[in-house]
Amino acid sequence: MKRRSWQEYQKEIADDHYYYARSCIRQNFFPGSEKAFIDILTNDLGKDLLDDPKHSSCTGIGYHSDIVPLETIMTVVARQFALMNEAGYENFVTSCITSFGIYTEILATWQEFPETEEKTRENLYKATGREFRKPANVAHTSDVMFHFRDEIARRAKHRLVNAVTGEPLKVVEHIGCHYAKIFPKSGIGGSEFPYVLAGMIESWGGEVVDYPERRHCCGFGFRNYLVQANRGYSIANSHKKLESMAPYKPDFIVANCPGCAMFLDKWQYAIAEMEGTTYGQNGHGIPVLTYEEMAGLVLGYDPWALGIQMHQVDVEPLLDKMGIDYDPAAKYLGRNGKYIGKPASAVVNCCPTDTIYDIRE
Amino acid sequence: MKKRIIVIGGGVAGMQTALRLAEQGLEPVIVEKEPELGGKLRGWHVLFPTFTPAEEVLTDLRRRVNESGIEALTSTEVVALTPRSVTLADGRVLTGDAVVLASGSTLFDASIKEEYGYGIYDNVFTSADVERMFNEGRVSKTDGTAPRRIAFLHCVGSRDEKVCQQHCSKVCCVTGVKQAIEMKRLFPEADVFNFYMDIRMFGPGYEEMYREAQQTYNIHFVRGRISEASPTIDGRVQIKAEDTLTGRPLRMSVDMLILLIGMRANDDNASLAGGPGLERARSGFMRPRNLFLGNIASNVDGIFYAGTVTAPKTIGESLNEATAAADAAARYVGA
Amino acid sequence: MAAINFGYTISKPRVIDLDRNNLRKSDEILREMPELQTCIGCGACTAICTAGNLTSFNFRKVHTLVRRGEYQGAYEEMNKCMLCGKCRLVCPRGINTRGVVMLIKRKLGDF
């Protein structure tokens, strides 16, 4: 694709010394991803990063579900900044698209309406006795990964190519609405042709798939999945995207946002159970990765240590394509070889519907 | 000694101004930044609503300019002006007794509307591209095949806050209808759709042409602005809009998406205005002294306007204004 | 099939999909009555419509949907027309609106 326009949307990304703000949902859905980010940055790239246990959720889910008021979320955000200051850091890096959108939005609000910043300072001081300075730099974790993509490529053990044919893997990238649709200038490549994931994919040997519904939302939408009665149109959005990308035969999907990675994966399970439709090759679903998992596989991390067995759609077909060695027997063994349980078989993983029953050993 | 009047811009407005000045015994000099005279009309195929070849108008004007012995400095850019002089990019200063600013306007750069993928996706074109294709006799999809479904999008770079162009470019609606008819004549089997916000058929014969497009050429008009374009697996373009007259979202793939780009104020209007203190409208176009009784005069004595330097206009309007501006300038210098 | 009750189903899209809709009937209608294409959506027909003031009948919307290949229910809708002809009196484009009603009923009885 002739995506030259991304170069007009550049942003400052700090080179080192990050204060890391975790996502509240990622550790449940893809528990290895955040650890992989820390490991890649500190062990592989030798960067300094503080994983501060004192910071909290940004309350973004509550905010977008009309439960947490604006003043509250501003104060919570201010507290994160205060913790960062106290720890001696000034580069804020957040592991969630919605959090990133919120930090960006709140900093812009304080800029436009200085009285809201004053009020937040007052609220934070009253509530916690803390004061804060704004960060020198706010980035999403994928921005940081993008920043070091060439360094990661140099250390790659595997590339995003079919190990047998040598062909580049076809990758669908999904950015997430809150990354750049709120402030197009805050995302690499802007909102129409974001390059943050595409840049990683291209650097690591893969080929980006541009398909008709690329820019469409995954359907997360907060209230739209929190309320069961609304989930019909949440799933319909993922359905629309999957229908649109399937003809391109993508080898996997990589998502930028915790919600998108979860829904593009788990809605494939639900669609397969409801309609019997799967979108990948040989009757399988399309594997969905986070960008840390993608980077981890490229750098030669053990797939099970990356936690990719936690995905609904089995990732083994992709591992086989990339020529990655793995131990099938270790898939459901957690730390110290402890059995972590195994999901029931599912249509999305090519199991016929009439064999669905609990086959837990 | 003849009074000398400097005409900035050698498009249709500039040429007509110079011709009229020469007729009245004055000495016009045209300063044109491009290597030849003609302005935006160069490369245009036919003119609405009569399908008159643009070349016909252009050739006639150029011939008369040549025959009148009017001095024309081409490849010459003006960087500053006063009522009695213009400063050129190379530092030279031309002096005269009055100035007519006929420097025109700029076509909107469609790639700024990133959501339409102009310059990124094959088979997304602008109205200017289509005129050029018609002139070259090679109208087709990028792969050389004939289109079976064509969509025109009106108001690209016009009436759009997002790209700081709030004004209506006036001529794109009728150009869209004209080009749709040309397409249908060339590809009778193709389906042609025009996506519009309003259809503004303000001139003589325009509304009639619109009706003919609908009834005789079976061109479909859908009231709704295309929100995004994306590629399909077979190299076509998928577009989304609302069919506002039915209140439903609409989606389709087309072989060619043609963006009807608007006219915007020249970037150098601001710097040209600075020296003599010319007033500009919010749109960036020059503001005439009075929209009714002095629309070819600037707010500065001795500087006059002709053509699209003050607002988007048709060729006919630009030519009429040029005559009026020349007469006003002639009166000013006492001819 | 193992029945999992999710408590919701996949919502059907509301989009008019011109890649899927079959425009054959619509083309036939427009060939017989090309003047219908000249509709500018002014809504005068619907404003004056006797039936439309008492029912949900919207002549302008129904024929526009038909032109987009959305035939479902068009016949039933056109049955609400009382054929009084006031719409034809007000149409600024001179469309034979009563003729459109009859034509759509004739062509789309099966949808």
# chains A, B, ... in the order shown; residues from 1 in each chain; ligands from 1
$ closest_atom_pairs --of "chain C" --to "chain B" --cutoff "9 Å" --atoms "only C-alpha atoms" --output "JSON lines"
{"residue": "C:Arg14", "atom": "CA", "partner": "B:Arg248", "partner_atom": "CA", "distance": 6.7}
{"residue": "C:Val15", "atom": "CA", "partner": "B:Pro249", "partner_atom": "CA", "distance": 4.7}
{"residue": "C:Ile16", "atom": "CA", "partner": "B:Leu250", "partner_atom": "CA", "distance": 4.5}
{"residue": "C:Asp17", "atom": "CA", "partner": "B:Arg251", "partner_atom": "CA", "distance": 5.0}
{"residue": "C:Leu18", "atom": "CA", "partner": "B:Met252", "partner_atom": "CA", "distance": 4.9}
{"residue": "C:Asp19", "atom": "CA", "partner": "B:Met252", "partner_atom": "CA", "distance": 5.3}
{"residue": "C:Arg20", "atom": "CA", "partner": "B:Met252", "partner_atom": "CA", "distance": 8.6}
{"residue": "C:Leu30", "atom": "CA", "partner": "B:Asn218", "partner_atom": "CA", "distance": 8.1}
{"residue": "C:Arg31", "atom": "CA", "partner": "B:Asn218", "partner_atom": "CA", "distance": 8.8}
{"residue": "C:Met33", "atom": "CA", "partner": "B:Gln215", "partner_atom": "CA", "distance": 9.0}
{"residue": "C:Pro34", "atom": "CA", "partner": "B:Gln215", "partner_atom": "CA", "distance": 5.3}
{"residue": "C:Glu35", "atom": "CA", "partner": "B:Gln215", "partner_atom": "CA", "distance": 5.4}
{"residue": "C:Leu36", "atom": "CA", "partner": "B:Gln215", "partner_atom": "CA", "distance": 7.7}
{"residue": "C:Gln37", "atom": "CA", "partner": "B:Gln214", "partner_atom": "CA", "distance": 5.4}
{"residue": "C:Thr38", "atom": "CA", "partner": "B:Gln214", "partner_atom": "CA", "distance": 5.3}
{"residue": "C:Cys39", "atom": "CA", "partner": "B:Gln214", "partner_atom": "CA", "distance": 8.6}
{"residue": "C:Ile40", "atom": "CA", "partner": "B:Phe221", "partner_atom": "CA", "distance": 8.6}
{"residue": "C:Gly41", "atom": "CA", "partner": "B:Leu245", "partner_atom": "CA", "distance": 6.8}
{"residue": "C:Arg60", "atom": "CA", "partner": "B:Leu245", "partner_atom": "CA", "distance": 8.2}
{"residue": "C:Lys61", "atom": "CA", "partner": "B:Thr246", "partner_atom": "CA", "distance": 5.5}
{"residue": "C:Val62", "atom": "CA", "partner": "B:Thr246", "partner_atom": "CA", "distance": 8.0}
{"residue": "C:Thr64", "atom": "CA", "partner": "B:Thr246", "partner_atom": "CA", "distance": 6.8}
{"residue": "C:Leu65", "atom": "CA", "partner": "B:Thr246", "partner_atom": "CA", "distance": 6.5}
{"residue": "C:Arg93", "atom": "CA", "partner": "B:Arg211", "partner_atom": "CA", "distance": 8.9}
$ closest_atom_pairs --of "chain A" --to "chain B" --cutoff "10 Å" --atoms "only C-alpha atoms" --output "Markdown table"
| residue | atom | partner | partner_atom | distance |
| --- | --- | --- | --- | --- |
| A:Met1 | CA | B:Ile120 | CA | 7.0 |
| A:Lys2 | CA | B:Ile120 | CA | 5.1 |
| A:Arg3 | CA | B:Ile120 | CA | 6.4 |
| A:Arg4 | CA | B:Ile120 | CA | 8.1 |
| A:Ser5 | CA | B:Glu114 | CA | 8.4 |
| A:Gly190 | CA | B:Glu114 | CA | 9.4 |
| A:Ser191 | CA | B:Glu115 | CA | 8.9 |
| A:Glu192 | CA | B:Glu115 | CA | 5.9 |
| A:Phe193 | CA | B:Glu114 | CA | 8.0 |
| A:Val209 | CA | B:Ile233 | CA | 9.8 |
| A:Asp210 | CA | B:Pro231 | CA | 7.0 |
| A:Tyr211 | CA | B:Pro231 | CA | 6.1 |
| A:Pro212 | CA | B:Ser230 | CA | 5.0 |
| A:Glu213 | CA | B:Ser230 | CA | 7.5 |
| A:Arg214 | CA | B:Ser230 | CA | 8.0 |
| A:Arg215 | CA | B:Ser230 | CA | 8.8 |
| A:Ser244 | CA | B:Thr232 | CA | 9.0 |
| A:Met245 | CA | B:Ile233 | CA | 9.2 |
| A:Pro247 | CA | B:Ile233 | CA | 7.5 |
| A:Tyr248 | CA | B:Ile233 | CA | 7.0 |
$ write_last_selection --atoms "C-alpha atoms" --output "mmCIF file, in the first residue's frame"
data_model
loop_
_atom_site.group_PDB
_atom_site.id
_atom_site.type_symbol
_atom_site.label_atom_id
_atom_site.label_comp_id
_atom_site.auth_asym_id
_atom_site.auth_seq_id
_atom_site.Cartn_x
_atom_site.Cartn_y
_atom_site.Cartn_z
ATOM 1 C CA MET A 1 0.000 0.000 0.000
ATOM 2 C CA LYS A 2 1.168 3.494 -0.787
ATOM 3 C CA ARG A 3 0.868 4.704 2.783
ATOM 4 C CA ARG A 4 3.285 7.583 2.553
ATOM 5 C CA SER A 5 0.942 9.887 4.420
ATOM 6 C CA GLY A 190 -3.073 9.598 11.992
ATOM 7 C CA SER A 191 -6.532 8.112 12.077
ATOM 8 C CA GLU A 192 -7.135 7.048 8.467
ATOM 9 C CA PHE A 193 -3.840 5.302 7.724
ATOM 10 C CA VAL A 209 -3.801 -6.399 4.520
ATOM 11 C CA ASP A 210 -5.910 -3.347 3.693
ATOM 12 C CA TYR A 211 -9.499 -4.515 3.393
ATOM 13 C CA PRO A 212 -12.784 -2.626 2.968
ATOM 14 C CA GLU A 213 -13.774 -2.521 6.650
ATOM 15 C CA ARG A 214 -10.272 -1.906 8.019
ATOM 16 C CA ARG A 215 -11.269 1.333 9.734
ATOM 17 C CA SER A 244 -14.741 -8.253 4.950
ATOM 18 C CA MET A 245 -11.215 -9.515 5.736
ATOM 19 C CA PRO A 247 -11.374 -13.162 1.312
ATOM 20 C CA TYR A 248 -7.819 -11.881 1.839
#
$ closest_atom_pairs --of "chain A" --to "chain C" --cutoff "8 Å" --atoms "only C-alpha atoms" --output "JSON lines"
{"residue": "A:Gln228", "atom": "CA", "partner": "C:Gly7", "partner_atom": "CA", "distance": 7.0}
{"residue": "A:Ala229", "atom": "CA", "partner": "C:Tyr8", "partner_atom": "CA", "distance": 6.4}
{"residue": "A:Asn230", "atom": "CA", "partner": "C:Tyr8", "partner_atom": "CA", "distance": 7.9}
{"residue": "A:Arg231", "atom": "CA", "partner": "C:Tyr8", "partner_atom": "CA", "distance": 6.4}
{"residue": "A:Gly232", "atom": "CA", "partner": "C:Ile10", "partner_atom": "CA", "distance": 4.7}
{"residue": "A:Tyr233", "atom": "CA", "partner": "C:Ser11", "partner_atom": "CA", "distance": 5.2}
{"residue": "A:Ile235", "atom": "CA", "partner": "C:Ile10", "partner_atom": "CA", "distance": 6.0}
{"residue": "A:Ala236", "atom": "CA", "partner": "C:Ile10", "partner_atom": "CA", "distance": 5.1}
{"residue": "A:His239", "atom": "CA", "partner": "C:Ile10", "partner_atom": "CA", "distance": 7.9}
{"residue": "A:Ile271", "atom": "CA", "partner": "C:Ile10", "partner_atom": "CA", "distance": 8.0}
{"residue": "A:Glu273", "atom": "CA", "partner": "C:Ile4", "partner_atom": "CA", "distance": 7.3}
{"residue": "A:Met274", "atom": "CA", "partner": "C:Ile4", "partner_atom": "CA", "distance": 7.7}
{"residue": "A:Thr353", "atom": "CA", "partner": "C:Met1", "partner_atom": "CA", "distance": 5.3}
{"residue": "A:Asp354", "atom": "CA", "partner": "C:Met1", "partner_atom": "CA", "distance": 5.5}
{"residue": "A:Ile356", "atom": "CA", "partner": "C:Ala2", "partner_atom": "CA", "distance": 6.6}
$ write_last_selection --atoms "N, CA and C atoms" --output "short mmCIF file (atom, residue, chain, number, x, y, z; two decimals), in the first residue's frame"
data_model
loop_
_atom_site.label_atom_id
_atom_site.label_comp_id
_atom_site.auth_asym_id
_atom_site.auth_seq_id
_atom_site.Cartn_x
_atom_site.Cartn_y
_atom_site.Cartn_z
N GLN A 228 -26.08 -7.00 28.19
CA GLN A 228 -26.26 -8.18 27.34
C GLN A 228 -27.19 -7.92 26.16
N ALA A 229 -28.24 -7.14 26.39
CA ALA A 229 -29.21 -6.90 25.33
C ALA A 229 -28.59 -6.15 24.15
N ASN A 230 -27.47 -5.45 24.39
CA ASN A 230 -26.82 -4.68 23.33
C ASN A 230 -25.78 -5.49 22.57
N ARG A 231 -25.47 -6.69 23.04
CA ARG A 231 -24.32 -7.39 22.47
C ARG A 231 -24.55 -7.81 21.02
N GLY A 232 -25.81 -7.85 20.61
CA GLY A 232 -26.12 -8.21 19.22
C GLY A 232 -25.44 -7.26 18.25
N TYR A 233 -25.40 -5.96 18.57
CA TYR A 233 -24.72 -5.10 17.60
C TYR A 233 -23.24 -4.95 17.90
N ILE A 235 -21.39 -7.66 18.54
CA ILE A 235 -20.86 -8.79 17.77
C ILE A 235 -21.03 -8.55 16.27
N ALA A 236 -22.09 -7.83 15.88
CA ALA A 236 -22.32 -7.58 14.45
C ALA A 236 -21.18 -6.78 13.83
N HIS A 239 -18.37 -9.13 13.26
CA HIS A 239 -18.86 -9.99 12.17
C HIS A 239 -18.62 -9.32 10.81
N ILE A 271 -19.50 -16.38 17.08
CA ILE A 271 -20.07 -16.47 15.72
C ILE A 271 -20.05 -17.93 15.24
N GLU A 273 -20.10 -20.60 17.07
CA GLU A 273 -21.11 -21.39 17.81
C GLU A 273 -22.52 -21.07 17.32
N MET A 274 -22.74 -19.80 17.00
CA MET A 274 -24.09 -19.38 16.59
C MET A 274 -24.42 -19.83 15.17
N THR A 353 -19.62 -29.40 15.70
CA THR A 353 -20.51 -28.95 16.77
C THR A 353 -21.01 -30.09 17.65
N ASP A 354 -21.20 -31.29 17.04
CA ASP A 354 -21.79 -32.36 17.86
C ASP A 354 -20.77 -33.01 18.79
N ILE A 356 -19.07 -31.19 20.93
CA ILE A 356 -18.78 -30.23 21.99
C ILE A 356 -19.26 -30.77 23.34
#
$ select_by_dssp --residues "stretch 21-127 of chain A" --states "alpha helix (DSSP H)" --output "PyMOL selection string"
chain A and resi 26-29+31-39+60-64+70-86+97-112+114-127
$ residues_around --residues "A:Met294" --least-positions-apart "3" --cutoff "9 Å" --atoms "only C-alpha atoms" --output "list in words"
Leu160, Ile201, Val254, Leu289, Thr290, Tyr291, Leu297, Val298 and Leu299 of chain A
$ write_last_selection --atoms "N, CA and C atoms" --output "mmCIF file, in the first residue's frame"
data_model
loop_
_atom_site.group_PDB
_atom_site.id
_atom_site.type_symbol
_atom_site.label_atom_id
_atom_site.label_comp_id
_atom_site.auth_asym_id
_atom_site.auth_seq_id
_atom_site.Cartn_x
_atom_site.Cartn_y
_atom_site.Cartn_z
ATOM 1 N N LEU A 160 8.012 -12.644 10.207
ATOM 2 C CA LEU A 160 6.598 -12.860 9.897
ATOM 3 C C LEU A 160 6.477 -13.362 8.456
ATOM 4 N N ILE A 201 4.779 -4.663 11.471
ATOM 5 C CA ILE A 201 4.554 -5.820 10.584
ATOM 6 C C ILE A 201 5.532 -5.771 9.410
ATOM 7 N N VAL A 254 -3.513 -8.679 14.276
ATOM 8 C CA VAL A 254 -2.832 -8.109 15.438
ATOM 9 C C VAL A 254 -3.598 -6.854 15.834
ATOM 10 N N LEU A 289 -3.476 -11.814 17.807
ATOM 11 C CA LEU A 289 -2.366 -11.557 18.722
ATOM 12 C C LEU A 289 -2.394 -10.116 19.204
ATOM 13 N N THR A 290 -1.743 -9.886 20.351
ATOM 14 C CA THR A 290 -1.431 -8.510 20.726
ATOM 15 C C THR A 290 -0.075 -8.202 20.099
ATOM 16 N N TYR A 291 0.286 -6.898 20.038
ATOM 17 C CA TYR A 291 1.567 -6.549 19.400
ATOM 18 C C TYR A 291 2.746 -7.036 20.234
ATOM 19 N N LEU A 297 7.042 -13.375 19.760
ATOM 20 C CA LEU A 297 7.272 -14.504 18.847
ATOM 21 C C LEU A 297 8.445 -14.206 17.914
ATOM 22 N N VAL A 298 8.501 -12.966 17.445
ATOM 23 C CA VAL A 298 9.603 -12.565 16.553
ATOM 24 C C VAL A 298 10.948 -12.700 17.287
ATOM 25 N N LEU A 299 10.939 -12.336 18.562
ATOM 26 C CA LEU A 299 12.191 -12.372 19.331
ATOM 27 C C LEU A 299 12.515 -13.772 19.866
#
